[in-house]
Each structure stands twice: as structure tokens, then as C-alpha cells.
>>> print(open('entry.txt').read())   # compact mmCIF, C-alpha atoms
# COMPACT_ATOMS: atom_id res chain seq x y z
CA MET A 12 39.13 -12.18 -78.06
CA SER A 13 39.30 -14.85 -75.40
CA HIS A 14 41.13 -14.26 -72.17
CA ILE A 15 41.27 -15.96 -68.82
CA ILE A 16 41.79 -14.42 -65.38
CA ARG A 17 43.79 -16.50 -62.93
CA PRO A 18 45.97 -16.02 -59.83
CA TRP A 19 49.57 -15.44 -60.79
CA ALA A 20 52.27 -18.13 -60.53
CA ARG A 21 56.05 -17.89 -60.30
CA LYS A 22 56.30 -18.33 -64.08
CA ASP A 23 54.49 -14.97 -64.48
CA LEU A 24 56.93 -12.92 -62.40
CA LYS A 25 58.96 -11.58 -65.31
CA ALA A 26 55.86 -10.64 -67.30
CA VAL A 27 54.19 -8.98 -64.30
CA VAL A 28 57.30 -6.93 -63.48
CA GLY A 29 57.35 -5.89 -67.15
CA LEU A 30 53.77 -4.62 -66.82
CA ILE A 31 54.52 -2.93 -63.46
CA ARG A 32 57.29 -1.04 -65.27
CA GLU A 33 54.95 -0.12 -68.16
CA LEU A 34 52.42 1.29 -65.69
CA ALA A 35 55.14 3.21 -63.81
CA SER A 36 56.36 4.67 -67.13
CA PHE A 37 52.83 5.88 -67.82
CA HIS A 38 52.98 7.63 -64.43
CA LYS A 39 56.44 9.04 -65.33
CA ALA A 40 57.84 7.20 -62.32
CA LEU A 41 59.93 4.40 -63.82
CA ASP A 42 62.92 5.60 -61.77
CA GLN A 43 60.94 4.73 -58.62
CA VAL A 44 60.56 1.04 -59.51
CA LYS A 45 62.99 -0.99 -57.43
CA THR A 46 61.13 -4.30 -57.62
CA THR A 47 62.62 -7.16 -59.62
CA PRO A 48 61.10 -10.56 -60.49
CA GLU A 49 63.34 -12.12 -57.79
CA MET A 50 62.22 -9.67 -55.09
CA LEU A 51 58.56 -9.99 -55.99
CA GLY A 52 58.90 -13.78 -56.07
CA ASP A 53 60.51 -13.90 -52.62
CA ASP A 54 57.91 -11.57 -51.13
CA GLY A 55 54.88 -12.94 -52.98
CA PHE A 56 55.25 -16.70 -52.82
CA GLY A 57 56.74 -17.35 -49.40
CA LYS A 58 54.72 -18.52 -46.40
CA ASP A 59 54.60 -14.93 -45.12
CA ALA A 60 53.30 -13.50 -48.41
CA THR A 61 50.95 -10.63 -47.69
CA PHE A 62 49.71 -9.89 -51.20
CA GLY A 63 48.39 -11.54 -54.33
CA CYS A 64 48.07 -10.83 -58.01
CA LEU A 65 45.60 -11.80 -60.73
CA VAL A 66 46.75 -11.98 -64.33
CA ALA A 67 44.83 -11.76 -67.61
CA GLU A 68 46.15 -14.28 -70.12
CA VAL A 69 45.41 -14.64 -73.84
CA PRO A 70 46.29 -17.62 -76.10
CA PRO A 71 49.79 -17.45 -77.70
CA GLN A 72 48.39 -16.75 -81.18
CA GLN A 73 46.55 -13.71 -79.79
CA GLY A 74 49.49 -12.43 -77.69
CA SER A 75 50.96 -8.94 -77.60
CA LYS A 76 53.38 -7.57 -80.22
CA GLY A 77 56.28 -8.49 -77.95
CA GLY A 78 55.00 -12.08 -77.81
CA GLY A 79 53.66 -11.90 -74.28
CA THR A 80 50.45 -13.69 -73.31
CA ILE A 81 50.04 -11.88 -69.95
CA VAL A 82 48.26 -8.70 -71.02
CA GLY A 83 47.04 -7.33 -67.71
CA TYR A 84 47.30 -7.69 -63.95
CA GLN A 85 45.52 -6.72 -60.76
CA PHE A 86 47.63 -6.53 -57.60
CA HIS A 87 45.97 -6.66 -54.17
CA TYR A 88 46.24 -7.27 -50.45
CA MET A 89 43.94 -7.42 -47.45
CA THR A 90 43.58 -4.39 -45.24
CA TYR A 91 41.30 -3.71 -42.28
CA CYS A 92 39.06 -0.80 -41.46
CA THR A 93 38.45 -0.22 -37.76
CA TRP A 94 34.90 0.85 -38.63
CA ASP A 95 33.76 -2.16 -40.67
CA GLY A 96 36.40 -4.83 -40.96
CA HIS A 97 38.17 -6.54 -43.85
CA ILE A 98 38.77 -4.56 -47.04
CA LEU A 99 40.53 -5.68 -50.21
CA PHE A 100 42.94 -3.01 -51.41
CA GLY A 101 43.71 -2.95 -55.12
CA GLU A 102 47.24 -1.60 -55.50
CA ASP A 103 47.49 -1.73 -59.30
CA LEU A 104 45.16 -2.48 -62.20
CA TYR A 105 46.71 -2.45 -65.67
CA VAL A 106 45.92 -3.69 -69.16
CA VAL A 107 48.41 -3.18 -72.02
CA PRO A 108 47.21 -0.53 -74.52
CA ASP A 109 46.56 -2.92 -77.46
CA PHE A 110 44.23 -5.02 -75.32
CA ARG A 111 42.04 -2.28 -73.87
CA GLY A 112 38.33 -1.85 -74.57
CA LYS A 113 37.81 -5.62 -74.53
CA GLY A 114 36.56 -5.97 -70.96
CA ILE A 115 39.85 -7.30 -69.59
CA GLY A 116 40.17 -4.59 -66.92
CA SER A 117 36.67 -5.18 -65.61
CA SER A 118 37.23 -8.98 -65.73
CA LEU A 119 40.30 -8.54 -63.51
CA LEU A 120 38.40 -6.33 -61.09
CA ALA A 121 35.38 -8.67 -61.15
CA LYS A 122 37.59 -11.57 -60.07
CA ALA A 123 39.07 -9.36 -57.33
CA ALA A 124 35.52 -8.48 -56.18
CA GLN A 125 34.66 -12.18 -56.03
CA MET A 126 37.73 -12.80 -53.86
CA ALA A 127 36.85 -9.79 -51.70
CA LEU A 128 33.36 -11.14 -50.99
CA ALA A 129 34.72 -14.63 -50.28
CA LYS A 130 37.01 -13.09 -47.66
CA GLY A 131 34.20 -11.15 -46.02
CA CYS A 132 35.23 -7.74 -47.31
CA SER A 133 32.74 -4.91 -47.18
CA GLN A 134 34.47 -2.95 -49.92
CA ILE A 135 37.38 -2.63 -52.34
CA ARG A 136 39.66 0.37 -51.94
CA PHE A 137 42.28 1.69 -54.34
CA VAL A 138 44.04 4.88 -55.35
CA SER A 139 43.64 6.52 -58.73
CA ALA A 140 45.45 9.50 -60.26
CA ASN A 141 42.88 12.27 -60.62
CA TRP A 142 44.31 13.35 -64.02
CA ASN A 143 43.87 9.89 -65.55
CA GLN A 144 40.40 10.51 -67.01
CA PRO A 145 40.00 7.10 -68.76
CA ALA A 146 40.67 5.43 -65.38
CA VAL A 147 38.32 7.81 -63.54
CA ASP A 148 35.58 7.05 -66.13
CA PHE A 149 36.22 3.31 -65.90
CA TYR A 150 35.91 3.24 -62.11
CA THR A 151 32.94 5.63 -62.02
CA LYS A 152 31.05 3.34 -64.40
CA LEU A 153 31.60 0.48 -61.95
CA GLY A 154 30.09 2.51 -59.11
CA ALA A 155 33.32 3.67 -57.49
CA MET A 156 33.29 6.62 -55.10
CA ASN A 157 36.13 9.14 -54.83
CA VAL A 158 36.72 9.20 -51.07
CA THR A 159 39.23 12.05 -51.32
CA ILE A 160 36.68 14.33 -52.99
CA GLN A 161 33.62 13.17 -51.03
CA ASN A 162 35.11 12.80 -47.56
CA ASN A 163 38.30 14.88 -47.72
CA TRP A 164 40.62 11.96 -46.99
CA ASN A 165 44.13 12.58 -48.30
CA LEU A 166 46.77 9.91 -48.78
CA CYS A 167 50.02 10.71 -46.96
CA SER A 168 53.40 9.07 -46.45
CA ILE A 169 56.45 9.28 -44.24
CA GLU A 170 59.54 8.13 -46.10
CA GLY A 171 63.28 7.47 -45.87
CA GLU A 172 65.15 9.50 -43.27
CA HIS A 173 61.89 10.60 -41.63
CA VAL A 174 61.01 6.98 -40.84
CA GLN A 175 64.54 6.48 -39.47
CA LYS A 176 64.28 9.58 -37.27
CA LEU A 177 60.89 8.52 -35.96
CA ALA A 178 62.17 5.02 -35.15
CA GLU A 179 65.12 6.49 -33.25
CA ARG A 180 62.68 8.18 -30.85
CA ALA A 181 61.29 4.77 -29.92
CA ARG A 182 64.78 3.53 -29.04
CA LYS A 183 65.37 6.31 -26.51
CA MET B 5 53.49 11.86 -17.26
CA SER B 6 54.79 8.36 -17.82
CA HIS B 7 53.34 6.17 -20.49
CA ILE B 8 54.35 2.97 -22.19
CA ILE B 9 53.73 1.86 -25.76
CA ARG B 10 53.09 -1.85 -26.26
CA PRO B 11 51.35 -4.19 -28.73
CA TRP B 12 47.73 -4.70 -27.79
CA ALA B 13 46.43 -7.84 -26.07
CA ARG B 14 42.95 -9.34 -25.87
CA LYS B 15 42.39 -7.56 -22.56
CA ASP B 16 42.61 -4.21 -24.42
CA LEU B 17 39.85 -4.97 -26.94
CA LYS B 18 37.08 -3.16 -25.09
CA ALA B 19 39.22 -0.08 -24.47
CA VAL B 20 40.46 0.03 -28.07
CA VAL B 21 36.94 -0.27 -29.49
CA GLY B 22 35.95 2.57 -27.13
CA LEU B 23 38.72 4.74 -28.63
CA ILE B 24 37.81 3.68 -32.20
CA ARG B 25 34.30 4.94 -31.45
CA GLU B 26 35.63 8.21 -30.01
CA LEU B 27 37.69 8.80 -33.16
CA ALA B 28 34.71 7.97 -35.39
CA SER B 29 32.57 10.43 -33.41
CA PHE B 30 35.16 13.12 -34.05
CA HIS B 31 34.78 12.33 -37.78
CA LYS B 32 30.97 12.43 -37.39
CA ALA B 33 30.85 8.83 -38.53
CA LEU B 34 29.90 6.88 -35.42
CA ASP B 35 27.00 5.32 -37.34
CA GLN B 36 29.56 3.67 -39.64
CA VAL B 37 31.28 1.74 -36.84
CA LYS B 38 30.21 -1.89 -37.01
CA THR B 39 33.21 -3.36 -35.18
CA THR B 40 32.76 -4.82 -31.72
CA PRO B 41 35.39 -6.11 -29.27
CA GLU B 42 34.37 -9.67 -30.24
CA MET B 43 34.75 -9.06 -33.98
CA LEU B 44 38.06 -7.26 -33.58
CA GLY B 45 39.27 -10.03 -31.27
CA ASP B 46 38.35 -12.80 -33.74
CA ASP B 47 39.97 -10.94 -36.65
CA GLY B 48 43.00 -9.62 -34.80
CA PHE B 49 44.21 -12.52 -32.68
CA GLY B 50 43.63 -15.56 -34.85
CA LYS B 51 46.35 -17.27 -36.87
CA ASP B 52 45.18 -15.44 -40.00
CA ALA B 53 45.30 -11.99 -38.36
CA THR B 54 46.35 -9.42 -40.94
CA PHE B 55 46.67 -6.38 -38.71
CA GLY B 56 48.11 -5.19 -35.41
CA CYS B 57 47.60 -2.44 -32.90
CA LEU B 58 49.85 -0.54 -30.50
CA VAL B 59 48.40 0.94 -27.35
CA ALA B 60 49.59 3.77 -25.09
CA GLU B 61 49.07 2.92 -21.43
CA VAL B 62 49.39 5.12 -18.35
CA PRO B 63 49.49 3.99 -14.69
CA PRO B 64 46.03 3.60 -13.01
CA GLN B 65 46.54 6.70 -10.81
CA GLN B 66 47.15 8.78 -13.95
CA GLY B 67 44.29 7.26 -15.97
CA SER B 68 41.55 9.07 -17.84
CA LYS B 69 38.46 10.57 -16.20
CA GLY B 70 36.53 7.44 -17.09
CA GLY B 71 39.16 5.35 -15.30
CA GLY B 72 40.77 3.96 -18.45
CA THR B 73 44.51 3.46 -18.63
CA ILE B 74 44.62 2.94 -22.42
CA VAL B 75 44.78 6.54 -23.65
CA GLY B 76 45.78 6.08 -27.30
CA TYR B 77 46.21 3.53 -30.07
CA GLN B 78 47.86 3.11 -33.44
CA PHE B 79 46.30 0.54 -35.78
CA HIS B 80 48.33 -0.84 -38.69
CA TYR B 81 48.85 -3.55 -41.29
CA MET B 82 51.40 -4.46 -43.94
CA THR B 83 50.80 -3.44 -47.52
CA TYR B 84 52.99 -3.75 -50.59
CA CYS B 85 53.94 -1.26 -53.26
CA THR B 86 54.78 -2.74 -56.65
CA TRP B 87 57.41 -0.02 -57.05
CA ASP B 88 59.37 -0.51 -53.84
CA GLY B 89 58.04 -3.32 -51.70
CA HIS B 90 56.73 -3.57 -48.13
CA ILE B 91 54.96 -0.57 -46.64
CA LEU B 92 53.39 -0.23 -43.20
CA PHE B 93 49.95 1.35 -43.45
CA GLY B 94 48.73 3.24 -40.40
CA GLU B 95 44.95 2.98 -40.38
CA ASP B 96 44.24 4.98 -37.20
CA LEU B 97 46.25 7.07 -34.76
CA TYR B 98 44.36 8.47 -31.80
CA VAL B 99 45.09 9.94 -28.38
CA VAL B 100 42.26 10.94 -26.05
CA PRO B 101 41.93 14.74 -25.72
CA ASP B 102 43.08 15.03 -22.07
CA PHE B 103 46.32 13.25 -22.90
CA ARG B 104 47.38 15.24 -25.95
CA GLY B 105 50.47 17.46 -26.16
CA LYS B 106 52.47 14.99 -24.08
CA GLY B 107 54.25 13.18 -26.91
CA ILE B 108 52.00 10.11 -26.79
CA GLY B 109 50.97 10.32 -30.47
CA SER B 110 54.55 10.59 -31.65
CA SER B 111 55.57 7.76 -29.27
CA LEU B 112 52.93 5.52 -30.88
CA LEU B 113 54.09 6.47 -34.37
CA ALA B 114 57.76 6.07 -33.39
CA LYS B 115 57.10 2.50 -32.27
CA ALA B 116 55.23 1.86 -35.55
CA ALA B 117 58.23 3.26 -37.46
CA GLN B 118 60.54 0.93 -35.57
CA MET B 119 58.32 -2.02 -36.53
CA ALA B 120 58.19 -0.81 -40.13
CA LEU B 121 61.99 -0.73 -40.39
CA ALA B 122 62.28 -4.16 -38.77
CA LYS B 123 59.95 -5.52 -41.45
CA GLY B 124 61.92 -3.95 -44.29
CA CYS B 125 59.41 -1.21 -45.08
CA SER B 126 60.53 1.72 -47.16
CA GLN B 127 57.79 4.00 -45.85
CA ILE B 128 54.70 4.43 -43.69
CA ARG B 129 51.46 5.38 -45.44
CA PHE B 130 48.24 6.65 -43.91
CA VAL B 131 45.22 8.77 -44.70
CA SER B 132 44.44 12.05 -42.99
CA ALA B 133 41.39 14.30 -43.24
CA ASN B 134 42.54 17.51 -44.91
CA TRP B 135 40.36 19.65 -42.58
CA ASN B 136 41.94 18.28 -39.42
CA GLN B 137 44.60 20.97 -39.08
CA PRO B 138 46.11 19.74 -35.77
CA ALA B 139 46.64 16.32 -37.42
CA VAL B 140 48.07 17.90 -40.59
CA ASP B 141 50.49 19.98 -38.46
CA PHE B 142 51.45 16.94 -36.38
CA TYR B 143 52.29 14.83 -39.44
CA THR B 144 54.02 17.66 -41.31
CA LYS B 145 56.34 18.20 -38.33
CA LEU B 146 57.34 14.54 -38.58
CA GLY B 147 58.26 14.95 -42.25
CA ALA B 148 55.10 13.50 -43.78
CA MET B 149 54.25 14.23 -47.39
CA ASN B 150 50.71 14.70 -48.67
CA VAL B 151 50.67 12.32 -51.66
CA THR B 152 47.21 13.46 -52.75
CA ILE B 153 48.36 17.08 -53.07
CA GLN B 154 51.85 16.38 -54.40
CA ASN B 155 51.14 13.50 -56.78
CA ASN B 156 47.39 13.77 -57.40
CA TRP B 157 46.58 10.32 -55.99
CA ASN B 158 42.99 10.09 -54.81
CA LEU B 159 41.61 7.42 -52.51
CA CYS B 160 38.59 5.60 -54.01
CA SER B 161 36.30 2.77 -52.98
CA ILE B 162 33.75 0.41 -54.47
CA GLU B 163 31.17 -0.57 -51.87
CA GLY B 164 28.08 -2.69 -51.18
CA GLU B 165 25.92 -3.54 -54.17
CA HIS B 166 28.65 -2.38 -56.58
CA VAL B 167 31.04 -5.04 -55.25
CA GLN B 168 28.23 -7.61 -55.57
CA LYS B 169 27.52 -6.61 -59.17
CA LEU B 170 31.19 -6.73 -60.07
CA ALA B 171 31.59 -10.19 -58.52
CA GLU B 172 28.58 -11.46 -60.48
CA ARG B 173 30.41 -10.68 -63.71
CA ALA B 174 33.20 -13.05 -62.69
CA ARG B 175 30.68 -15.85 -62.20
CA LYS B 176 29.38 -15.61 -65.78
>>> encode(input="entry.txt", output="C-alpha cells")
Amino acid sequence: MSHIIRPWARKDLKAVVGLIRELASFHKALDQVKTTPEMLGDDGFGKDATFGCLVAEVPPQQGSKGGGTIVGYQFHYMTYCTWDGHILFGEDLYVVPDFRGKGIGSSLLAKAAQMALAKGCSQIRFVSANWNQPAVDFYTKLGAMNVTIQNNWNLCSIEGEHVQKLAERARK
Amino acid sequence: MSHIIRPWARKDLKAVVGLIRELASFHKALDQVKTTPEMLGDDGFGKDATFGCLVAEVPPQQGSKGGGTIVGYQFHYMTYCTWDGHILFGEDLYVVPDFRGKGIGSSLLAKAAQMALAKGCSQIRFVSANWNQPAVDFYTKLGAMNVTIQNNWNLCSIEGEHVQKLAERARK
């Protein structure tokens, strides 16, 4: 099966949000998805856009059951490590079930790696659910390291009212 | 003790890199610090700068033993969650030992929270070493959630030759 990897365009917004929702469903978190094609378009294509997305596209005759030709995406942004500089962070990597096992996921990540090197990044970081064994196997095969297990780094967040309360302290 | 929180300026680069090195020493990772004031200045103050830093400053007569008046920093950048949009990511938060317990860490984070809200962020994310109990206690008190423990998200990375190998695939 032929596929191409290319940076997303505005015409892909609806398809990408569809895939974002599929991935969130897999994580039993569809109720947490607030993004819409409009919101993602405003945030992702303006002059202040801080993120990018790669899409995997197949020819129409090889498209998905639903008729879609965008069968995977890789969502990323630049971050910075105070120890060694620029790092590309991969927020999401997803390929629709019917198109797995064909190298599309690694093609998406390969293109992201190429971009990372072009931007002077020393590494690619991402988060992965530790119960998602196919994903763990996929990343391990590509040489990924689990920083949480090896170096005890845990991902944390401060949300909603706690951010508000914190911000109020700064106003005093 | 009086202190102010303000965005960093080029004049703070040497002091901030000094604190970055102190924090890395605490994590027994000083050998991993490749950043220099020059590198951080080029990356952080150009038109393509993708990150920012807040510093905590005390008056000269109240400065540290080494004579420094920059006694803490909070390093951050904007990221984006495909589920709910803009998120401020706090890369480092550090206060020099002699100046702890005076509210400087929470002042730095409060200012970051204020910036996060102004930029439409739904949350602040960061990583924390799970063995650093004073840090865990500090963040828990502010309402932070450990996403690794609660939702099984692990932080991973692909580094060095593995990024090179991945990128080569995209060239084929």
C-alpha cells in the first residue's frame, strides 16, 4: 500500500480532529476532547502557531471504510531542555486500526525525526500509556527509552481552579 | 525578605545558567548540561525564541553568599494538547537552598500561572522526580496531580543515534 507523509493543511482539519477523537476514545477519554476543527485551525495556522502536524495520506481508492484518505497523524511542537537545548515533543501518534502493520506509524515518526534534526533537536520526547503494550513495543523497537522508569520522572499537572488560585497569588 | 518575580533579561543569562547547573547537580546530572549562557541567549532572545524564563530577584544586600541576587528561576514554554488546547509546560523550577521556605517557589509558579491564564491555557504541566519528596509535597499542596500515577502516562524519549536512524528512513 502506498502512502505519503506530509505536513497538514487546513483541508485536513476535519479528518485530523476525527482521528484525535478516535485516539481519545481508545484512551476512554472522549469526554475530555474539547478541540474542534475551527479551534485547531485558529491555533495551528495563525502567525503565532506553536505546533505542527504530519498526516499520512493514501490514494482515494485505498482509503478507509469511511472514505477517508487521512489514515494517521503525528502532532508535535518544539520544547527546550535547559540541559541540552531544543527537543521535539510528539504529542500524539495515531494510525487507524485497518492501516496498522504497514509501516505508516514509523513513517510518520521518521518524518518527525527528520524535522527534529533539521531544527537542531537532540532528542524526541513523548508520553505513552504504560498499559498500551503494542505502543510500548513499537517505541522500544525504535530505540525509545522510558524516562519515567529509568530516571523516575513523573508527569504532573495543575488544572482548573488550582491554576486560578495560583494566579491570584501573583496579583496580590 | 523582599523579592520580585520578573521575566529574565540577557543580563541574567550567567546567573540562570549557574542555577540550571545547581539543579542538575542536585539530580546528579551535571555532566548532561551542555547549555551555556551564549547558547541560551541565542535560543531564548531571538525572534524565533520558543521559551521563556521568570527569575526571582532579591536586593543586593540580601543576596546569596556568592553575591548573586537571582535566587530562583522558572523556565517554561507553550505546548498544545489535542484534547483541550494550549498548555504551559514548566521545564524547571528552582530556588537556591538558603532562600527556600520564603514563598519564592510559589511566587515563581504563581506568576507562571498568571501567564498561562493570559495565554488561554487550561493547565500547567511539568515533570517531577518521584523521589524528591519536598518537591512532591510542594506541588501537592498547590493542587497538582501526578498524571503518571493517576493515568499511567510515562515520559519517553528517543535520543542520539536512534533519532538519526529514524530520520534516515524518511530519506529513503
>>> interface_residues(input="entry.txt", of="chain A", to="chain B", cutoff="6 Å", atoms="all atoms listed in the file", output="MDAnalysis selection string")
chainID A and resid 44:46 94:95 121:122 124:125 134:141 154:159 163:170 173:174 177:178 180:181
>>> calpha_fit_and_write(input="entry.txt", fixed="chain A", moving="chain B", output="short mmCIF file (atom, residue, chain, number, x, y, z; two decimals) with C-alpha atoms, in the frame of the given file")
data_model
loop_
_atom_site.label_atom_id
_atom_site.label_comp_id
_atom_site.auth_asym_id
_atom_site.auth_seq_id
_atom_site.Cartn_x
_atom_site.Cartn_y
_atom_site.Cartn_z
CA MET B 5 39.11 -12.18 -78.05
CA SER B 6 39.28 -14.86 -75.40
CA HIS B 7 41.11 -14.27 -72.18
CA ILE B 8 41.27 -15.96 -68.82
CA ILE B 9 41.78 -14.43 -65.40
CA ARG B 10 43.80 -16.50 -62.94
CA PRO B 11 45.98 -16.02 -59.84
CA TRP B 12 49.59 -15.45 -60.79
CA ALA B 13 52.28 -18.13 -60.54
CA ARG B 14 56.06 -17.89 -60.31
CA LYS B 15 56.30 -18.32 -64.08
CA ASP B 16 54.48 -14.97 -64.49
CA LEU B 17 56.93 -12.92 -62.41
CA LYS B 18 58.95 -11.59 -65.32
CA ALA B 19 55.85 -10.64 -67.31
CA VAL B 20 54.19 -8.98 -64.31
CA VAL B 21 57.30 -6.94 -63.48
CA GLY B 22 57.36 -5.90 -67.16
CA LEU B 23 53.77 -4.62 -66.82
CA ILE B 24 54.53 -2.94 -63.47
CA ARG B 25 57.29 -1.05 -65.28
CA GLU B 26 54.96 -0.12 -68.15
CA LEU B 27 52.42 1.29 -65.68
CA ALA B 28 55.14 3.20 -63.81
CA SER B 29 56.35 4.67 -67.12
CA PHE B 30 52.83 5.88 -67.81
CA HIS B 31 52.98 7.64 -64.41
CA LYS B 32 56.43 9.03 -65.30
CA ALA B 33 57.85 7.20 -62.32
CA LEU B 34 59.93 4.41 -63.82
CA ASP B 35 62.91 5.60 -61.77
CA GLN B 36 60.96 4.72 -58.62
CA VAL B 37 60.57 1.04 -59.51
CA LYS B 38 62.99 -1.00 -57.42
CA THR B 39 61.14 -4.31 -57.63
CA THR B 40 62.61 -7.17 -59.63
CA PRO B 41 61.10 -10.57 -60.49
CA GLU B 42 63.34 -12.11 -57.79
CA MET B 43 62.23 -9.66 -55.08
CA LEU B 44 58.56 -9.97 -55.99
CA GLY B 45 58.92 -13.76 -56.08
CA ASP B 46 60.53 -13.91 -52.61
CA ASP B 47 57.91 -11.57 -51.13
CA GLY B 48 54.89 -12.94 -52.96
CA PHE B 49 55.27 -16.71 -52.82
CA GLY B 50 56.73 -17.37 -49.40
CA LYS B 51 54.69 -18.51 -46.41
CA ASP B 52 54.57 -14.93 -45.11
CA ALA B 53 53.29 -13.49 -48.41
CA THR B 54 50.94 -10.61 -47.68
CA PHE B 55 49.72 -9.88 -51.19
CA GLY B 56 48.39 -11.54 -54.33
CA CYS B 57 48.08 -10.84 -58.01
CA LEU B 58 45.61 -11.80 -60.73
CA VAL B 59 46.75 -11.99 -64.32
CA ALA B 60 44.84 -11.78 -67.61
CA GLU B 61 46.16 -14.29 -70.13
CA VAL B 62 45.40 -14.65 -73.84
CA PRO B 63 46.28 -17.60 -76.11
CA PRO B 64 49.79 -17.44 -77.71
CA GLN B 65 48.38 -16.73 -81.20
CA GLN B 66 46.54 -13.69 -79.80
CA GLY B 67 49.47 -12.44 -77.69
CA SER B 68 50.95 -8.96 -77.61
CA LYS B 69 53.35 -7.59 -80.23
CA GLY B 70 56.25 -8.50 -77.96
CA GLY B 71 54.97 -12.09 -77.83
CA GLY B 72 53.64 -11.90 -74.27
CA THR B 73 50.45 -13.67 -73.32
CA ILE B 74 50.03 -11.89 -69.96
CA VAL B 75 48.25 -8.70 -71.03
CA GLY B 76 47.03 -7.32 -67.70
CA TYR B 77 47.30 -7.69 -63.94
CA GLN B 78 45.51 -6.71 -60.76
CA PHE B 79 47.65 -6.54 -57.60
CA HIS B 80 45.97 -6.65 -54.19
CA TYR B 81 46.24 -7.28 -50.46
CA MET B 82 43.94 -7.42 -47.45
CA THR B 83 43.58 -4.39 -45.24
CA TYR B 84 41.30 -3.72 -42.30
CA CYS B 85 39.06 -0.80 -41.46
CA THR B 86 38.44 -0.23 -37.76
CA TRP B 87 34.90 0.86 -38.66
CA ASP B 88 33.77 -2.14 -40.68
CA GLY B 89 36.41 -4.83 -40.96
CA HIS B 90 38.19 -6.54 -43.86
CA ILE B 91 38.77 -4.56 -47.04
CA LEU B 92 40.53 -5.67 -50.22
CA PHE B 93 42.96 -3.01 -51.41
CA GLY B 94 43.71 -2.94 -55.12
CA GLU B 95 47.24 -1.60 -55.50
CA ASP B 96 47.50 -1.74 -59.32
CA LEU B 97 45.18 -2.49 -62.21
CA TYR B 98 46.72 -2.45 -65.66
CA VAL B 99 45.94 -3.68 -69.16
CA VAL B 100 48.41 -3.18 -72.00
CA PRO B 101 47.21 -0.55 -74.51
CA ASP B 102 46.56 -2.92 -77.45
CA PHE B 103 44.24 -5.02 -75.31
CA ARG B 104 42.05 -2.28 -73.87
CA GLY B 105 38.33 -1.84 -74.56
CA LYS B 106 37.81 -5.61 -74.52
CA GLY B 107 36.55 -5.97 -70.96
CA ILE B 108 39.85 -7.30 -69.58
CA GLY B 109 40.18 -4.60 -66.89
CA SER B 110 36.68 -5.18 -65.60
CA SER B 111 37.24 -8.97 -65.74
CA LEU B 112 40.31 -8.55 -63.51
CA LEU B 113 38.39 -6.33 -61.10
CA ALA B 114 35.38 -8.67 -61.15
CA LYS B 115 37.58 -11.58 -60.07
CA ALA B 116 39.08 -9.37 -57.32
CA ALA B 117 35.53 -8.50 -56.19
CA GLN B 118 34.66 -12.18 -56.04
CA MET B 119 37.73 -12.80 -53.86
CA ALA B 120 36.86 -9.81 -51.69
CA LEU B 121 33.36 -11.15 -51.00
CA ALA B 122 34.71 -14.63 -50.28
CA LYS B 123 37.00 -13.09 -47.66
CA GLY B 124 34.19 -11.14 -46.01
CA CYS B 125 35.23 -7.72 -47.31
CA SER B 126 32.74 -4.91 -47.18
CA GLN B 127 34.47 -2.94 -49.93
CA ILE B 128 37.38 -2.63 -52.34
CA ARG B 129 39.68 0.38 -51.93
CA PHE B 130 42.28 1.70 -54.34
CA VAL B 131 44.04 4.88 -55.35
CA SER B 132 43.65 6.53 -58.73
CA ALA B 133 45.45 9.50 -60.25
CA ASN B 134 42.88 12.27 -60.61
CA TRP B 135 44.30 13.32 -64.02
CA ASN B 136 43.86 9.88 -65.55
CA GLN B 137 40.42 10.50 -67.01
CA PRO B 138 40.01 7.10 -68.75
CA ALA B 139 40.69 5.43 -65.37
CA VAL B 140 38.32 7.80 -63.54
CA ASP B 141 35.59 7.05 -66.13
CA PHE B 142 36.24 3.31 -65.91
CA TYR B 143 35.92 3.24 -62.11
CA THR B 144 32.95 5.62 -62.01
CA LYS B 145 31.04 3.33 -64.40
CA LEU B 146 31.59 0.49 -61.94
CA GLY B 147 30.09 2.53 -59.10
CA ALA B 148 33.32 3.67 -57.47
CA MET B 149 33.29 6.62 -55.10
CA ASN B 150 36.12 9.14 -54.83
CA VAL B 151 36.71 9.20 -51.06
CA THR B 152 39.22 12.05 -51.32
CA ILE B 153 36.67 14.32 -53.00
CA GLN B 154 33.62 13.18 -51.05
CA ASN B 155 35.10 12.81 -47.56
CA ASN B 156 38.29 14.88 -47.74
CA TRP B 157 40.62 11.96 -46.98
CA ASN B 158 44.12 12.57 -48.29
CA LEU B 159 46.77 9.92 -48.79
CA CYS B 160 50.03 10.73 -46.94
CA SER B 161 53.39 9.06 -46.45
CA ILE B 162 56.45 9.30 -44.24
CA GLU B 163 59.54 8.15 -46.11
CA GLY B 164 63.28 7.51 -45.87
CA GLU B 165 65.17 9.52 -43.27
CA HIS B 166 61.90 10.62 -41.63
CA VAL B 167 61.00 7.00 -40.83
CA GLN B 168 64.54 6.51 -39.47
CA LYS B 169 64.28 9.59 -37.25
CA LEU B 170 60.89 8.53 -35.95
CA ALA B 171 62.15 5.03 -35.14
CA GLU B 172 65.11 6.49 -33.25
CA ARG B 173 62.70 8.16 -30.85
CA ALA B 174 61.28 4.76 -29.91
CA ARG B 175 64.76 3.53 -29.03
CA LYS B 176 65.35 6.30 -26.47
#
>>> residues_around(input="entry.txt", residues="Ile8 of chain B", least_positions_apart="2", cutoff="7 Å", atoms="all atoms listed in the file", output="list in words")
Ser6, Arg10, Ala60, Glu61 and Val62 of chain B
>>> atom_distance(input="entry.txt", atom1="atom CA of Asp16 of chain B", atom2="atom CA of Pro101 of chain B")
19.0 Å
>>> closest_residue(input="entry.txt", among="B:Gln65, B:Arg14, B:Val75, B:Val99", to="Gly50 of chain B", atoms="all atoms listed in the file")
B:Arg14
>>> decode(input="entry.txt", residues="segment 13-21 of chain B", atoms="N, CA and C atoms", output="tab-separated table (two decimals), in the first residue's frame")
chain	number	residue	atom	x	y	z
B	13	ALA	N	16.14	38.67	31.55
B	13	ALA	CA	16.73	39.54	30.53
B	13	ALA	C	18.12	38.97	30.22
B	14	ARG	N	18.72	39.46	29.16
B	14	ARG	CA	20.05	38.94	28.78
B	14	ARG	C	21.06	39.03	29.93
B	15	LYS	N	20.93	40.07	30.73
B	15	LYS	CA	21.88	40.25	31.85
B	15	LYS	C	21.80	39.11	32.88
B	16	ASP	N	20.70	38.34	32.85
B	16	ASP	CA	20.53	37.25	33.83
B	16	ASP	C	21.07	35.92	33.34
B	17	LEU	N	21.53	35.86	32.08
B	17	LEU	CA	21.89	34.57	31.49
B	17	LEU	C	22.93	33.79	32.31
B	18	LYS	N	23.95	34.49	32.75
B	18	LYS	CA	25.01	33.81	33.50
B	18	LYS	C	24.46	33.26	34.83
B	19	ALA	N	23.69	34.07	35.51
B	19	ALA	CA	23.11	33.63	36.79
B	19	ALA	C	22.17	32.46	36.59
B	20	VAL	N	21.33	32.52	35.55
B	20	VAL	CA	20.36	31.44	35.30
B	20	VAL	C	21.10	30.14	34.97
B	21	VAL	N	22.11	30.24	34.12
B	21	VAL	CA	22.87	29.01	33.79
B	21	VAL	C	23.54	28.46	35.06
